[in-house]
Structures are given as structure tokens and as C-alpha cells.
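Asker: One structure, as C-alpha cells, below. Some questions next.
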Amino acid sequence: MNFPEQSDITPQKTAAIKERIARLGIDISVIEEKFVRGGGKGGQKINKTANAVQLYYPPMDIAVRCQRERKRSLNRFLALRELIDRIEMRVSPETSERLRETERIRRRKHR
């Protein structure tokens, strides 16, 4: 997988995700990427085009599928961000922003 260079994503977000990849020591060339047909609401365009993105990271056996937006490039970025979140939750739970957020919600609901 080559790192996505899109015009839809701001340079700050791209730089932030590159920094997270370097900090976690993820080898981006190992990530397997597939574009598959979407489904669900959205009409014929969603069901005909291959705009859903599947990423697989073999060293940790983590798979992610993303079809949140209509643009393939945006779905590619979102899937990569989700994959990095899941890797971070396993590798470095103390720095994981997602785990902190879920813990904060859990404490709020407990009250």
C-alpha cells in the first residue's frame, strides 16, 4: 500500500497520521488494500462502484472495512486512520486516544 496522497484531506491531518505511523513503527508496505463494492443506502451509484476500502494488517491480523463516504480517497484515509487506531489500542494502550474516550464515556454513564 502506498501512502494516500489526496487533495480531499488537509495537510495537517496527513502529517498527523504519518507521525502516528512513525511513532508506532508500522510498516505501511505490509498493509494489504482492496477496493470492494459498497452497499446499503445511497442508490445505484453506491451499489455499482467499488468505493468501499478493506485494509488488512497481517502482523496483528487486523482487518478494517470503511464505506462512510462516497469518495474512495476519503474512505481510504478513514480506513487507514481506523486501522492505526486499532493497532495503537493493542500496541500502546496508554497513549490510545480512543481508549481514553471510551473510558471517559464509561465513567459518565456510571454516574
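Labels for the C-alpha cells follow display order: chains A, B, ..., residues from 1 in each chain, ligands from 1.
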Can you tell me which residues surround Pro59 (chain A) at a distance of at most 10 Å, considering only C-alpha atoms, apart from same-chain residues fewer than 2 positions away, and format the answer as an MDAnalysis selection string?

Answerer: chainID A and resid 26:27 30:31 56:57 61:62

Asker: Could you take the residues named above and write them with N, CA and C atoms, as an mmCIF file, in the first residue's frame?

Answerer:
```
data_model
loop_
_atom_site.group_PDB
_atom_site.id
_atom_site.type_symbol
_atom_site.label_atom_id
_atom_site.label_comp_id
_atom_site.auth_asym_id
_atom_site.auth_seq_id
_atom_site.Cartn_x
_atom_site.Cartn_y
_atom_site.Cartn_z
ATOM 1 N N ILE A 26 4.820 1.256 12.363
ATOM 2 C CA ILE A 26 4.027 0.453 11.428
ATOM 3 C C ILE A 26 4.702 0.462 10.064
ATOM 4 N N ASP A 27 4.865 -0.722 9.480
ATOM 5 C CA ASP A 27 5.398 -0.832 8.124
ATOM 6 C C ASP A 27 4.219 -0.759 7.163
ATOM 7 N N VAL A 30 3.351 -3.371 4.286
ATOM 8 C CA VAL A 30 2.790 -4.679 4.623
ATOM 9 C C VAL A 30 1.256 -4.666 4.536
ATOM 10 N N ILE A 31 0.666 -3.495 4.642
ATOM 11 C CA ILE A 31 -0.800 -3.380 4.657
ATOM 12 C C ILE A 31 -1.367 -3.763 3.297
ATOM 13 N N TYR A 56 -5.998 -4.730 5.507
ATOM 14 C CA TYR A 56 -5.632 -5.874 6.338
ATOM 15 C C TYR A 56 -4.171 -5.724 6.748
ATOM 16 N N TYR A 57 -3.907 -5.854 8.043
ATOM 17 C CA TYR A 57 -2.553 -5.765 8.583
ATOM 18 C C TYR A 57 -2.166 -7.142 9.106
ATOM 19 N N ASP A 61 -3.044 -9.379 12.450
ATOM 20 C CA ASP A 61 -4.300 -9.973 11.990
ATOM 21 C C ASP A 61 -5.490 -9.037 12.247
ATOM 22 N N ILE A 62 -5.346 -7.780 11.813
ATOM 23 C CA ILE A 62 -6.401 -6.782 11.976
ATOM 24 C C ILE A 62 -6.934 -6.421 10.597
#
```

Asker: Output as a VMD selection string all residues of region 3-85 of chain A that backbone DSSP marks as strand (DSSP E or B).

Answerer: chain A and resid 32 to 36 52 to 57 62 to 66

Asker: For Arg72 (chain A), find every residue with an atom within 7 Å (counting only C-alpha atoms), except residues of its own chain fewer than 3 positions away, and show them as number ranges by chain.

Answerer: A: 51-52, 75-76

Asker: When you look at region 78-92 of chain A with a cut-off of 9 Å (counting only C-alpha atoms), what residues show up, excluding the ones that are within fewer than 4 positions of it in the same chain? I need them as a PyMOL selection string.

Answerer: chain A and resi 17+20-21+24+26+53-57+60+62-68+73-74+96-99

Asker: Run DSSP on the backbone and grab whatever in chain A lands in alpha helix (DSSP H); send it over as an NGL selection string.

Answerer: :A and (11-24 or 44-48 or 72-91 or 97-110)

Asker: Measuring between only C-alpha atoms, which one of A:Ala50, A:Arg23, A:Lys71, A:Ile9 shows the shortest distance to Val36 (chain A)?

Answerer: A:Ala50
